[in-house]
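Asks: Provided below: target.cif, containing mmCIF, C-alpha atoms and all ligand atoms.
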data_my_file
loop_
_atom_site.label_atom_id
_atom_site.label_comp_id
_atom_site.auth_asym_id
_atom_site.auth_seq_id
_atom_site.Cartn_x
_atom_site.Cartn_y
_atom_site.Cartn_z
CA MET C 1 -6.54 22.10 4.07
CA ASN C 2 -4.04 19.36 4.93
CA PRO C 3 -0.62 19.59 3.28
CA THR C 4 -0.13 17.45 0.18
CA MET C 5 2.06 14.38 0.74
CA ILE C 6 2.04 13.00 -2.81
CA ALA C 7 1.45 15.20 -5.85
CA VAL C 8 1.32 13.39 -9.19
CA GLU C 9 1.06 15.68 -12.19
CA LYS C 10 0.34 14.50 -15.72
CA VAL C 11 2.27 11.28 -15.34
CA SER C 12 2.42 9.01 -18.38
CA LYS C 13 3.80 5.48 -18.64
CA SER C 14 3.67 3.08 -21.57
CA PHE C 15 4.87 -0.50 -21.95
CA GLY C 16 5.66 -0.97 -25.63
CA GLY C 17 2.41 -0.05 -27.33
CA VAL C 18 0.32 -0.25 -24.14
CA ARG C 19 -0.52 3.16 -22.68
CA ALA C 20 -0.85 2.13 -19.00
CA ASN C 21 -1.08 5.70 -17.64
CA HIS C 22 -1.79 8.82 -19.68
CA GLU C 23 -1.34 12.26 -18.07
CA VAL C 24 -2.60 11.08 -14.69
CA SER C 25 -2.79 13.64 -11.87
CA ILE C 26 -3.62 12.90 -8.22
CA SER C 27 -3.02 14.47 -4.87
CA VAL C 28 -2.79 12.63 -1.54
CA PRO C 29 -3.35 14.85 1.52
CA GLU C 30 -1.56 14.25 4.82
CA GLY C 31 -3.41 12.27 7.47
CA LYS C 32 -6.21 11.10 5.17
CA ILE C 33 -7.17 7.86 3.43
CA THR C 34 -7.34 8.35 -0.32
CA GLY C 35 -8.71 5.67 -2.65
CA LEU C 36 -7.91 4.57 -6.20
CA ILE C 37 -10.37 2.41 -8.10
CA GLY C 38 -10.84 1.31 -11.70
CA PRO C 39 -11.49 -1.82 -13.74
CA ASN C 40 -8.76 -4.46 -14.13
CA GLY C 41 -6.00 -3.26 -16.41
CA SER C 42 -6.91 0.43 -15.95
CA GLY C 43 -3.39 1.29 -14.75
CA LYS C 44 -3.74 1.40 -10.95
CA THR C 45 -0.72 -0.76 -10.09
CA THR C 46 1.36 1.03 -12.75
CA LEU C 47 0.66 4.35 -11.01
CA PHE C 48 1.79 2.90 -7.65
CA ASN C 49 4.93 1.49 -9.29
CA SER C 50 5.72 4.91 -10.77
CA ILE C 51 5.22 6.66 -7.41
CA VAL C 52 7.53 4.35 -5.44
CA GLY C 53 10.27 4.42 -8.09
CA TYR C 54 9.83 0.89 -9.40
CA HIS C 55 10.22 2.07 -12.98
CA PRO C 56 11.01 5.38 -14.71
CA ILE C 57 8.08 7.41 -16.01
CA ASP C 58 7.76 8.71 -19.58
CA GLY C 59 6.59 12.18 -18.58
CA GLY C 60 5.11 14.30 -15.82
CA SER C 61 6.11 14.97 -12.24
CA ILE C 62 5.84 13.12 -8.92
CA LYS C 63 6.48 15.05 -5.70
CA PHE C 64 6.67 13.73 -2.16
CA GLU C 65 6.36 16.44 0.49
CA GLY C 66 7.11 19.00 -2.21
CA ARG C 67 10.27 17.28 -3.46
CA GLU C 68 10.57 15.77 -6.94
CA ILE C 69 11.05 12.00 -6.55
CA SER C 70 10.47 10.71 -10.09
CA ASN C 71 14.27 10.52 -10.54
CA LEU C 72 14.87 8.51 -7.35
CA LEU C 73 15.16 4.74 -6.82
CA VAL C 74 12.92 2.53 -4.63
CA PRO C 75 15.22 2.47 -1.55
CA GLN C 76 15.79 6.23 -1.68
CA ILE C 77 12.05 6.85 -1.81
CA ALA C 78 11.45 4.32 0.99
CA ARG C 79 13.95 6.19 3.16
CA LEU C 80 11.88 9.37 2.73
CA GLY C 81 8.96 7.50 4.34
CA LEU C 82 6.97 6.38 1.30
CA LEU C 83 6.28 2.63 1.20
CA ARG C 84 3.97 0.26 -0.62
CA THR C 85 2.56 -3.22 -0.20
CA PHE C 86 1.96 -5.56 -3.11
CA GLN C 87 -1.08 -7.16 -4.72
CA GLN C 88 0.70 -10.50 -4.09
CA THR C 89 2.17 -10.89 -0.61
CA ARG C 90 5.97 -10.88 -0.27
CA ILE C 91 6.89 -12.74 2.90
CA TYR C 92 9.44 -15.43 3.74
CA GLY C 93 7.30 -18.53 4.28
CA GLU C 94 10.11 -20.51 5.94
CA MET C 95 10.54 -17.90 8.68
CA ASP C 96 8.27 -17.18 11.62
CA CYS C 97 6.26 -13.97 11.81
CA VAL C 98 8.61 -12.18 14.23
CA LYS C 99 11.62 -12.84 11.95
CA ASN C 100 9.68 -11.59 8.93
CA MET C 101 8.96 -8.41 10.88
CA LEU C 102 12.62 -7.94 11.81
CA ILE C 103 14.00 -8.41 8.30
CA SER C 104 11.44 -5.99 6.85
CA VAL C 105 13.60 -3.14 8.16
CA PRO C 106 16.64 -2.33 5.96
CA HIS C 107 19.92 -3.65 7.40
CA ARG C 108 23.61 -3.95 6.48
CA HIS C 109 24.28 -7.59 7.42
CA THR C 110 25.32 -10.20 4.89
CA THR C 111 24.20 -13.35 6.77
CA LEU C 112 20.87 -14.09 8.41
CA ALA C 113 22.58 -15.25 11.60
CA ASP C 114 24.43 -11.92 11.97
CA MET C 115 21.28 -10.08 11.28
CA PHE C 116 19.13 -11.84 13.87
CA ARG C 117 21.88 -11.50 16.53
CA SER C 118 21.98 -7.76 15.97
CA TYR C 119 18.37 -6.95 16.76
CA SER C 120 17.69 -5.04 19.93
CA ALA C 121 15.13 -6.08 22.53
CA GLU C 122 13.33 -2.88 21.61
CA GLN C 123 12.93 -3.92 17.96
CA LYS C 124 11.66 -7.36 18.99
CA GLU C 125 9.14 -5.72 21.32
CA LYS C 126 8.03 -3.42 18.54
CA ALA C 127 7.64 -6.40 16.18
CA GLU C 128 5.50 -8.24 18.74
CA ALA C 129 3.41 -5.15 19.53
CA LEU C 130 2.64 -4.65 15.84
CA LEU C 131 1.81 -8.34 15.42
CA GLU C 132 -0.62 -7.89 18.29
CA PHE C 133 -2.03 -4.79 16.56
CA VAL C 134 -2.92 -6.84 13.46
CA GLY C 135 -4.24 -9.76 15.53
CA LEU C 136 -1.34 -12.18 14.90
CA TYR C 137 0.29 -12.19 18.36
CA GLN C 138 -0.74 -15.77 19.12
CA LYS C 139 0.78 -16.87 15.81
CA ARG C 140 4.02 -14.88 16.09
CA PHE C 141 6.26 -17.98 16.23
CA LEU C 142 4.47 -19.90 13.46
CA LEU C 143 6.08 -20.12 10.03
CA SER C 144 4.46 -17.38 8.00
CA GLY C 145 4.00 -19.86 5.13
CA ASP C 146 1.55 -21.74 7.36
CA LEU C 147 -0.71 -18.71 7.82
CA SER C 148 -3.86 -18.33 5.76
CA PHE C 149 -3.65 -15.94 2.80
CA GLY C 150 -5.59 -13.30 4.74
CA GLN C 151 -3.28 -13.62 7.74
CA GLN C 152 -0.28 -13.28 5.43
CA LYS C 153 -1.71 -9.99 4.20
CA LEU C 154 -2.10 -8.81 7.79
CA LEU C 155 1.54 -9.80 8.39
CA GLU C 156 2.63 -7.88 5.31
CA PHE C 157 0.74 -4.84 6.60
CA ALA C 158 2.45 -5.16 10.01
CA MET C 159 5.84 -5.47 8.22
CA ALA C 160 5.18 -2.17 6.46
CA LEU C 161 4.22 -0.52 9.77
CA MET C 162 7.49 -1.76 11.28
CA ASN C 163 9.25 0.78 9.02
CA GLU C 164 7.12 3.66 10.36
CA PRO C 165 6.16 5.06 6.95
CA LYS C 166 4.70 8.55 6.63
CA VAL C 167 2.66 7.36 3.66
CA LEU C 168 1.70 3.78 2.87
CA LEU C 169 0.42 2.66 -0.54
CA LEU C 170 -1.69 -0.50 -0.36
CA ASP C 171 -2.42 -2.44 -3.55
CA GLU C 172 -5.70 -4.33 -3.16
CA PRO C 173 -5.21 -5.16 0.53
CA THR C 174 -8.45 -7.16 0.75
CA ALA C 175 -8.08 -9.20 -2.48
CA GLY C 176 -8.51 -12.91 -1.78
CA ILE C 177 -9.38 -12.42 1.90
CA ASN C 178 -12.51 -13.90 3.45
CA PRO C 179 -15.24 -11.43 4.56
CA THR C 180 -14.58 -11.79 8.31
CA LEU C 181 -10.92 -10.88 7.92
CA ILE C 182 -11.82 -8.05 5.53
CA ASN C 183 -13.71 -6.21 8.27
CA GLY C 184 -10.79 -6.73 10.66
CA LEU C 185 -8.37 -5.39 8.06
CA ILE C 186 -10.48 -2.30 7.32
CA ASP C 187 -10.59 -1.62 11.05
CA ARG C 188 -6.77 -1.96 11.32
CA LEU C 189 -6.21 0.33 8.32
CA LYS C 190 -8.42 2.99 9.88
CA ARG C 191 -6.64 2.65 13.22
CA ALA C 192 -3.18 2.89 11.61
CA ASN C 193 -4.40 6.12 10.00
CA GLU C 194 -6.00 7.56 13.15
CA GLU C 195 -3.68 6.32 15.90
CA PHE C 196 -0.31 6.26 14.11
CA GLY C 197 -1.13 9.17 11.80
CA ILE C 198 -0.08 7.28 8.67
CA THR C 199 -1.41 8.70 5.42
CA LEU C 200 -2.90 5.91 3.28
CA PHE C 201 -3.39 5.62 -0.47
CA VAL C 202 -5.35 2.47 -1.25
CA ILE C 203 -6.09 0.64 -4.48
CA GLU C 204 -9.23 -1.39 -3.98
CA HIS C 205 -11.43 -3.35 -6.32
CA ASN C 206 -14.16 -3.96 -3.72
CA MET C 207 -16.49 -0.92 -3.92
CA ARG C 208 -18.01 -1.55 -0.48
CA VAL C 209 -14.57 -1.54 1.11
CA ILE C 210 -13.33 1.66 -0.55
CA MET C 211 -16.58 3.53 0.15
CA ASN C 212 -16.19 2.63 3.82
CA LEU C 213 -12.50 3.47 3.97
CA ALA C 214 -11.61 6.48 1.81
CA GLU C 215 -12.59 10.13 2.14
CA HIS C 216 -11.62 10.95 -1.41
CA ILE C 217 -11.57 8.53 -4.35
CA TYR C 218 -9.97 8.62 -7.80
CA CYS C 219 -11.22 6.39 -10.61
CA LEU C 220 -8.96 5.33 -13.49
CA ALA C 221 -10.19 3.84 -16.77
CA HIS C 222 -8.00 2.89 -19.74
CA GLY C 223 -5.04 4.59 -18.08
CA GLU C 224 -6.75 7.97 -17.75
CA MET C 225 -8.36 9.68 -14.77
CA LEU C 226 -12.08 9.29 -15.27
CA ALA C 227 -13.48 10.89 -12.13
CA GLU C 228 -12.70 11.92 -8.57
CA GLY C 229 -14.83 12.81 -5.58
CA ASP C 230 -16.06 11.73 -2.17
CA PRO C 231 -17.60 8.25 -1.88
CA ASP C 232 -21.11 9.55 -2.52
CA GLU C 233 -20.11 11.42 -5.66
CA ILE C 234 -18.13 8.48 -7.01
CA GLN C 235 -20.90 5.99 -6.29
CA ASN C 236 -23.39 8.10 -8.23
CA ASP C 237 -21.07 9.10 -11.08
CA GLN C 238 -22.49 7.71 -14.29
CA ARG C 239 -19.01 7.51 -15.91
CA VAL C 240 -17.76 5.36 -13.01
CA ILE C 241 -20.83 3.13 -13.13
CA ASP C 242 -20.43 2.67 -16.89
CA ALA C 243 -16.69 1.89 -16.57
CA TYR C 244 -17.42 -0.83 -14.04
CA LEU C 245 -20.41 -2.25 -15.89
CA GLY C 246 -18.50 -2.15 -19.16
CA ALA C 247 -15.67 -4.11 -17.58
CA HIS C 248 -17.77 -7.11 -16.52
P1 LIG R 301 -4.46 -2.54 -12.80
O1 LIG R 301 -3.56 -2.56 -11.61
O2 LIG R 301 -5.42 -1.38 -12.82
O3 LIG R 301 -5.18 -3.83 -13.01
P2 LIG R 301 -1.98 -2.41 -14.34
O4 LIG R 301 -1.36 -1.11 -13.97
O5 LIG R 301 -1.44 -3.62 -13.71
O6 LIG R 301 -3.56 -2.31 -14.12
O7 LIG R 301 -1.89 -2.58 -15.90
C1 LIG R 301 -2.25 -1.56 -16.84
C2 LIG R 301 -1.86 -2.01 -18.24
O8 LIG R 301 -0.43 -2.01 -18.36
C3 LIG R 301 -2.30 -3.42 -18.58
O9 LIG R 301 -2.65 -3.44 -19.94
C4 LIG R 301 -1.07 -4.25 -18.31
O10 LIG R 301 -1.07 -5.41 -19.10
C5 LIG R 301 0.05 -3.30 -18.70
N1 LIG R 301 1.28 -3.55 -17.92
C6 LIG R 301 1.45 -3.33 -16.60
N2 LIG R 301 2.71 -3.61 -16.21
C7 LIG R 301 3.37 -4.05 -17.33
C8 LIG R 301 4.71 -4.47 -17.60
N3 LIG R 301 5.63 -4.53 -16.64
N4 LIG R 301 5.01 -4.83 -18.87
C9 LIG R 301 4.09 -4.76 -19.85
N5 LIG R 301 2.81 -4.34 -19.67
C10 LIG R 301 2.44 -4.00 -18.43
MG MG R 302 -3.25 -4.05 -10.12
#
Reformat the file's structure so that it appears as structure tokens.
Replies:
Amino acid sequence: MNPTMIAVEKVSKSFGGVRANHEVSISVPEGKITGLIGPNGSGKTTLFNSIVGYHPIDGGSIKFEGREISNLLVPQIARLGLLRTFQQTRIYGEMDCVKNMLISVPHRHTTLADMFRSYSAEQKEKAEALLEFVGLYQKRFLLSGDLSFGQQKLLEFAMALMNEPKVLLLDEPTAGINPTLINGLIDRLKRANEEFGITLFVIEHNMRVIMNLAEHIYCLAHGEMLAEGDPDEIQNDQRVIDAYLGAH
């Protein structure tokens, strides 16, 4: 058994009258790729937001490497090695890819000029090596705003890797990406897991992608945990099938 990196126990979160998560429990083991699926509006992003400290939870417990983190703020949790990417990309379109990589690491400078002067050759090499890893080396000096949407997602993934997270939460990494890039991205996610040893927890709407990627999958519906299992079990679970059919 691998040690548990993230342990969520009976976490609830409401927005006004909307019960986005109700007593949700999950466990993310070290070194594995864990999946989270569910129809739109089932509370997947809310759960990620709760885990990374984006908002306070109404009840329950969230532990990272055995330590309660539900009372911590986003930067404190990030410093422990728990990071997330967003459903919408968050990059600086007016900066090239290398600069986006460099500013993705927390810093103390107040002006951009100071900041860029302060980077070591080592950090720049690391930025370029990671851009190569995601297939963007040739485009490293292009403005990131000129990249395709799929390439921007690859850049955002590389920016997360720049921070050397222990655990990375990815919110719909393949949404809006064309099929050729999707296969490349799946391959990169698997390699980041195998070669860099990063534990991944992935929200994914595309069933084919999550079946290919994750060893263990949780399925949310209406804010509650509907089912969990390996890809085969989830694929054949009548409750999961009904939740997806009912949603379309
Ligand atoms: P998913 O990611 O599975 O599509 P979300 O977690 O984004 O689902 O949303 C779950 C429910 O919570 C939805 O009904 C959504 O409208 C609501 N919700 C999410 N975030 C907020 C918020 N900040 N304010 C109000 N309602 C929200
Ligand atoms: Mg979402």
Asks: Do you know which residues are within 9 Å of ligand MG 302 (chain R) using only C-alpha atoms and all ligand atoms? Can you write them as a ChimeraX atom specification?
Replies: /C:40-46,48,86-87,171-172,203-204
Asks: Keeping C-alpha atoms for every residue in the selection just given, could you write it to a file as a PDB file, in the frame of the given file?
Replies:
ATOM      1  CA  ASN C  40      -8.760  -4.460 -14.130  1.00  0.00           C
ATOM      2  CA  GLY C  41      -6.000  -3.260 -16.410  1.00  0.00           C
ATOM      3  CA  SER C  42      -6.910   0.430 -15.950  1.00  0.00           C
ATOM      4  CA  GLY C  43      -3.390   1.290 -14.750  1.00  0.00           C
ATOM      5  CA  LYS C  44      -3.740   1.400 -10.950  1.00  0.00           C
ATOM      6  CA  THR C  45      -0.720  -0.760 -10.090  1.00  0.00           C
ATOM      7  CA  THR C  46       1.360   1.030 -12.750  1.00  0.00           C
ATOM      8  CA  PHE C  48       1.790   2.900  -7.650  1.00  0.00           C
ATOM      9  CA  PHE C  86       1.960  -5.560  -3.110  1.00  0.00           C
ATOM     10  CA  GLN C  87      -1.080  -7.160  -4.720  1.00  0.00           C
ATOM     11  CA  ASP C 171      -2.420  -2.440  -3.550  1.00  0.00           C
ATOM     12  CA  GLU C 172      -5.700  -4.330  -3.160  1.00  0.00           C
ATOM     13  CA  ILE C 203      -6.090   0.640  -4.480  1.00  0.00           C
ATOM     14  CA  GLU C 204      -9.230  -1.390  -3.980  1.00  0.00           C
TER      15      GLU C 204
END
Asks: When you look at Gly35 in chain C with a cut-off of 12 Å (counting all atoms listed in the file), what residues show up, excluding the ones that are within fewer than 6 positions of it in the same chain? I need them as a VMD selection string.
Replies: chain C and resid 26 to 29 44 48 168 to 173 199 to 220 227 to 231 234
Asks: Hey, can you pull every residue with an atom no more than 7 Å from (9.1, -7.0, 5.3), using only C-alpha atoms, and send it as a PyMOL selection string?
Replies: chain C and resi 91+100-101+103-105+156+159-160
Asks: Filtering to C-alpha atoms, could you give me those residues as a CSV table (one decimal), keeping the file's coordinate frame?
Replies:
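That gives us out_24.csv:
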chain,number,residue,atom,x,y,z
C,91,ILE,CA,6.9,-12.7,2.9
C,100,ASN,CA,9.7,-11.6,8.9
C,101,MET,CA,9.0,-8.4,10.9
C,103,ILE,CA,14.0,-8.4,8.3
C,104,SER,CA,11.4,-6.0,6.8
C,105,VAL,CA,13.6,-3.1,8.2
C,156,GLU,CA,2.6,-7.9,5.3
C,159,MET,CA,5.8,-5.5,8.2
C,160,ALA,CA,5.2,-2.2,6.5
Asks: Please provide the set of residues having any atom within 9 Å of range 79-83 of chain C, restricted to all atoms listed in the file, with same-chain residues fewer than 2 positions apart removed, written as number ranges by chain.
Replies: C: 51-52, 64, 74-77, 85, 160, 163-170
Asks: In Å, how far is it from CA of Gln152 in chain C to atom N3 of ligand LIG 301 (chain R)?
Replies: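 The value is 24.5 Å.
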Asks: May I ask which of the residues C:Ile57, C:Leu73, C:Ile62, C:Val18 is the closest one to ligand LIG 301 (chain R), counting only C-alpha atoms and all ligand atoms?
Replies: C:Val18
Asks: Select, from C:Ile69, C:Leu102, C:Ala221, C:Ala129, the residue with the minimum atom-to-atom distance to ligand LIG 301 (chain R), counting only C-alpha atoms and all ligand atoms.
Replies: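 Closest to ligand LIG 301 (chain R) of all the choices is C:Ala221.
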Asks: For CA of Ser70 in chain C and atom C6 of ligand LIG 301 (chain R), quote the distance in Å rounded to one decimal.
Replies: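 Interatomic distance, CA of Ser70 in chain C to atom C6 of ligand LIG 301 (chain R): 17.9 Å.
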